[in-house]
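Trainee: What follows is the file target_4.pdb, containing PDB, C-alpha atoms, pLDDT in the B column:
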```
ATOM      1  CA  MET V1214     105.083  37.302 256.211  1.00 51.00           C
ATOM      2  CA  SER V1215     106.160  39.995 258.684  1.00 60.00           C
ATOM      3  CA  VAL V1216     106.641  43.578 257.734  1.00 66.00           C
ATOM      4  CA  ALA V1217     108.940  45.929 259.631  1.00 79.00           C
ATOM      5  CA  LEU V1218     107.241  49.299 259.783  1.00 85.00           C
ATOM      6  CA  PRO V1219     108.519  51.930 262.197  1.00 90.00           C
ATOM      7  CA  PHE V1220     105.613  53.696 263.879  1.00 94.00           C
ATOM      8  CA  THR V1221     104.703  55.883 266.807  1.00 95.00           C
ATOM      9  CA  LYS V1222     101.429  55.776 268.701  1.00 97.00           C
ATOM     10  CA  TYR V1223      99.631  58.912 269.872  1.00 96.00           C
ATOM     11  CA  GLU V1224      96.409  59.728 271.697  1.00 94.00           C
ATOM     12  CA  GLY V1225      94.365  62.825 270.955  1.00 90.00           C
ATOM     13  CA  LEU V1226      91.268  63.637 273.021  1.00 92.00           C
ATOM     14  CA  GLY V1227      90.333  59.993 273.496  1.00 92.00           C
ATOM     15  CA  ASN V1228      91.271  58.652 270.065  1.00 95.00           C
ATOM     16  CA  ASP V1229      94.478  56.696 269.584  1.00 97.00           C
ATOM     17  CA  PHE V1230      96.396  56.546 266.331  1.00 98.00           C
ATOM     18  CA  VAL V1231      99.327  54.753 264.783  1.00 97.00           C
ATOM     19  CA  VAL V1232     101.511  57.327 262.991  1.00 98.00           C
ATOM     20  CA  VAL V1233     103.776  56.145 260.172  1.00 97.00           C
ATOM     21  CA  GLU V1234     106.060  58.234 257.977  1.00 96.00           C
ATOM     22  CA  VAL V1235     106.414  57.109 254.362  1.00 95.00           C
ATOM     23  CA  SER V1236     107.354  58.510 250.958  1.00 92.00           C
ATOM     24  CA  LEU V1237     104.763  60.395 248.912  1.00 87.00           C
ATOM     25  CA  ALA V1238     104.342  57.413 246.542  1.00 86.00           C
ATOM     26  CA  GLU V1239     103.940  54.982 249.461  1.00 90.00           C
ATOM     27  CA  ALA V1240     101.327  57.237 251.067  1.00 89.00           C
ATOM     28  CA  GLN V1241      99.069  57.078 248.011  1.00 84.00           C
ATOM     29  CA  SER V1242      99.237  53.287 247.845  1.00 88.00           C
ATOM     30  CA  PHE V1243      99.246  52.521 251.590  1.00 92.00           C
ATOM     31  CA  ASP V1244      97.112  49.396 251.926  1.00 93.00           C
ATOM     32  CA  VAL V1245      93.876  50.098 253.831  1.00 95.00           C
ATOM     33  CA  GLY V1246      93.593  46.404 254.663  1.00 95.00           C
ATOM     34  CA  PHE V1247      97.022  46.510 256.298  1.00 94.00           C
ATOM     35  CA  ALA V1248      95.941  49.641 258.207  1.00 96.00           C
ATOM     36  CA  SER V1249      92.855  47.792 259.486  1.00 96.00           C
ATOM     37  CA  ARG V1250      95.014  44.890 260.654  1.00 95.00           C
ATOM     38  CA  LEU V1251      97.335  47.312 262.468  1.00 95.00           C
ATOM     39  CA  CYS V1252      94.323  48.819 264.242  1.00 97.00           C
ATOM     40  CA  ASP V1253      93.006  45.448 265.429  1.00 97.00           C
ATOM     41  CA  ARG V1254      93.092  45.627 269.231  1.00 96.00           C
ATOM     42  CA  ARG V1255      93.584  41.866 269.658  1.00 96.00           C
ATOM     43  CA  ARG V1256      95.998  40.950 266.880  1.00 95.00           C
ATOM     44  CA  GLY V1257      97.510  44.277 265.862  1.00 93.00           C
ATOM     45  CA  VAL V1258      98.863  47.367 267.566  1.00 94.00           C
ATOM     46  CA  GLY V1259      95.371  48.564 268.399  1.00 96.00           C
ATOM     47  CA  ALA V1260      94.170  52.010 267.346  1.00 98.00           C
ATOM     48  CA  ASP V1261      91.233  54.037 266.069  1.00 98.00           C
ATOM     49  CA  GLY V1262      93.139  54.750 262.867  1.00 98.00           C
ATOM     50  CA  VAL V1263      96.426  55.064 261.029  1.00 97.00           C
ATOM     51  CA  LEU V1264      97.851  58.483 260.190  1.00 97.00           C
ATOM     52  CA  VAL V1265     100.101  58.223 257.159  1.00 97.00           C
ATOM     53  CA  VAL V1266     102.548  61.151 257.104  1.00 97.00           C
ATOM     54  CA  SER V1267     104.472  61.879 253.913  1.00 96.00           C
ATOM     55  CA  PRO V1268     106.490  64.703 252.394  1.00 94.00           C
ATOM     56  CA  PRO V1269     104.464  67.683 251.190  1.00 91.00           C
ATOM     57  CA  ALA V1270     103.067  67.790 247.667  1.00 85.00           C
ATOM     58  CA  ALA V1271     103.432  71.578 247.494  1.00 89.00           C
ATOM     59  CA  PRO V1272     106.265  73.941 248.404  1.00 91.00           C
ATOM     60  CA  GLY V1273     105.909  75.789 251.681  1.00 89.00           C
ATOM     61  CA  HIS V1274     104.148  72.904 253.418  1.00 90.00           C
ATOM     62  CA  LEU V1275     105.775  70.747 256.083  1.00 90.00           C
ATOM     63  CA  ALA V1276     104.053  67.411 255.477  1.00 94.00           C
ATOM     64  CA  ARG V1277     100.979  65.676 254.165  1.00 94.00           C
ATOM     65  CA  MET V1278      98.584  63.505 256.196  1.00 95.00           C
ATOM     66  CA  ARG V1279      96.321  60.673 255.038  1.00 95.00           C
ATOM     67  CA  VAL V1280      93.862  59.213 257.550  1.00 96.00           C
ATOM     68  CA  ILE V1281      92.781  55.575 257.412  1.00 97.00           C
ATOM     69  CA  ASN V1282      90.147  54.578 259.962  1.00 97.00           C
ATOM     70  CA  ALA V1283      90.230  51.203 261.725  1.00 97.00           C
ATOM     71  CA  ASP V1284      87.422  49.963 259.454  1.00 97.00           C
ATOM     72  CA  GLY V1285      89.461  50.826 256.332  1.00 96.00           C
ATOM     73  CA  SER V1286      87.480  53.929 255.395  1.00 97.00           C
ATOM     74  CA  VAL V1287      89.400  57.056 254.376  1.00 96.00           C
ATOM     75  CA  PRO V1288      87.864  60.318 255.629  1.00 96.00           C
ATOM     76  CA  GLU V1289      88.807  63.702 254.235  1.00 94.00           C
ATOM     77  CA  MET V1290      90.051  64.957 257.607  1.00 95.00           C
ATOM     78  CA  CYS V1291      90.352  64.068 261.271  1.00 95.00           C
ATOM     79  CA  GLY V1292      90.840  66.864 263.792  1.00 95.00           C
ATOM     80  CA  ASN V1293      92.177  64.632 266.564  1.00 96.00           C
ATOM     81  CA  GLY V1294      94.490  62.976 264.064  1.00 96.00           C
ATOM     82  CA  LEU V1295      95.744  66.374 262.938  1.00 96.00           C
ATOM     83  CA  ARG V1296      96.587  67.225 266.550  1.00 95.00           C
ATOM     84  CA  CYS V1297      98.615  64.016 266.813  1.00 96.00           C
ATOM     85  CA  VAL V1298     100.490  64.620 263.543  1.00 96.00           C
ATOM     86  CA  ALA V1299     101.333  68.186 264.607  1.00 94.00           C
ATOM     87  CA  LEU V1300     102.771  66.868 267.876  1.00 94.00           C
ATOM     88  CA  HIS V1301     104.618  64.102 266.024  1.00 95.00           C
ATOM     89  CA  LEU V1302     106.233  66.574 263.625  1.00 94.00           C
ATOM     90  CA  ALA V1303     107.162  68.914 266.485  1.00 93.00           C
ATOM     91  CA  ARG V1304     108.835  66.052 268.348  1.00 92.00           C
ATOM     92  CA  GLN V1305     110.552  64.502 265.327  1.00 89.00           C
ATOM     93  CA  ARG V1306     111.730  67.689 263.624  1.00 84.00           C
ATOM     94  CA  GLY V1307     111.954  70.114 266.502  1.00 80.00           C
ATOM     95  CA  ALA V1308     109.442  72.823 267.263  1.00 73.00           C
ATOM     96  CA  SER V1309     111.718  75.562 265.881  1.00 67.00           C
ATOM     97  CA  ALA V1310     111.704  73.842 262.462  1.00 57.00           C
ATOM     98  CA  LEU V1311     107.932  74.258 262.335  1.00 54.00           C
ATOM     99  CA  GLU V1312     108.006  78.040 262.619  1.00 56.00           C
TER     100      GLU V1312
END
```
Re-express the file's structure as structure tokens.

Mentor:
Amino acid sequence: MSVALPFTKYEGLGNDFVVVEVSLAEAQSFDVGFASRLCDRRRGVGADGVLVVSPPAAPGHLARMRVINADGSVPEMCGNGLRCVALHLARQRGASALE
């Protein structure tokens, strides 16, 4: 079965990431196994991790980020991933919308 999933790929200080935008509900249930398959450098897109971007859970925030490493682990934070998501949001929504 194929799945159509729009994505963008970014590189931040040597790490590369697949960035996907999903709904808040989809972000919580995003399959870590699927993320690992996406990160496979021979059969997938190839990346160090997947950055799942969703709408904010709290007012006054722009977005929410969930990091899934290539091995399926889910860290609390990823600085290089955060850099990539900030650039992604600036490009997708316009830098003036981020101010």

Trainee: Fewer than 6 positions away in the same chain doesn't count, so skip those; otherwise give me all residues within 7 Å of V:Ser1249, counting all atoms listed in the file, as a PyMOL selection string.

Mentor: chain V and resi 1283-1285

Trainee: To verify the selection step, state as number ranges by chain which residues the PyMOL selection byres ((chain V and resi 1241) around 12) yields on this input.

Mentor: V: 1235-1240, 1242-1245, 1265-1268, 1270, 1277-1281, 1287

Trainee: Could you write out as JSON, numbers by chain the residues that the PyMOL selection byres ((chain V and resi 1253) around 12) matches in the shown file?

Mentor: {"V": [1230, 1231, 1246, 1247, 1248, 1249, 1250, 1251, 1252, 1254, 1255, 1256, 1257, 1258, 1259, 1260, 1261, 1262, 1263, 1282, 1283, 1284, 1285]}

Trainee: Identify all residues satisfying the PyMOL selection byres ((chain V and resi 1301) around 10) in the given file; provide them as a PyMOL selection string.

Mentor: chain V and resi 1221-1223+1232-1233+1266+1295-1300+1302-1307

Trainee: At what distance in Å, to one decimal, does atom CA of V:Met1290 lie from atom CA of V:Glu1224?

Mentor: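 Here the two named atoms are 16.3 Å from each other.
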
Trainee: How many Å separate atom CA of V:Gly1292 from atom CA of V:Asn1228?

Mentor: 10.3 Å

Trainee: Quick one: 5 Å padding each side, axis-aligned, all listed atoms of stretch 1232-1235 of chain V - centre and edge lengths in Å to one decimal, as JSON?

Mentor:
```
{"center_x": 104.0, "center_y": 57.2, "center_z": 258.7, "size_x": 14.9, "size_y": 12.1, "size_z": 18.6}
```

Trainee: Figure out the distance between atom CA of V:His1274 and atom CA of V:Ala1308, please, to one decimal in Å.

Mentor: 14.8 Å

Trainee: With distances taken over only C-alpha atoms, which of V:Ala1276, V:Leu1264, V:Leu1226, V:Ala1271 is nearest to V:Asn1293?

Mentor: V:Leu1226
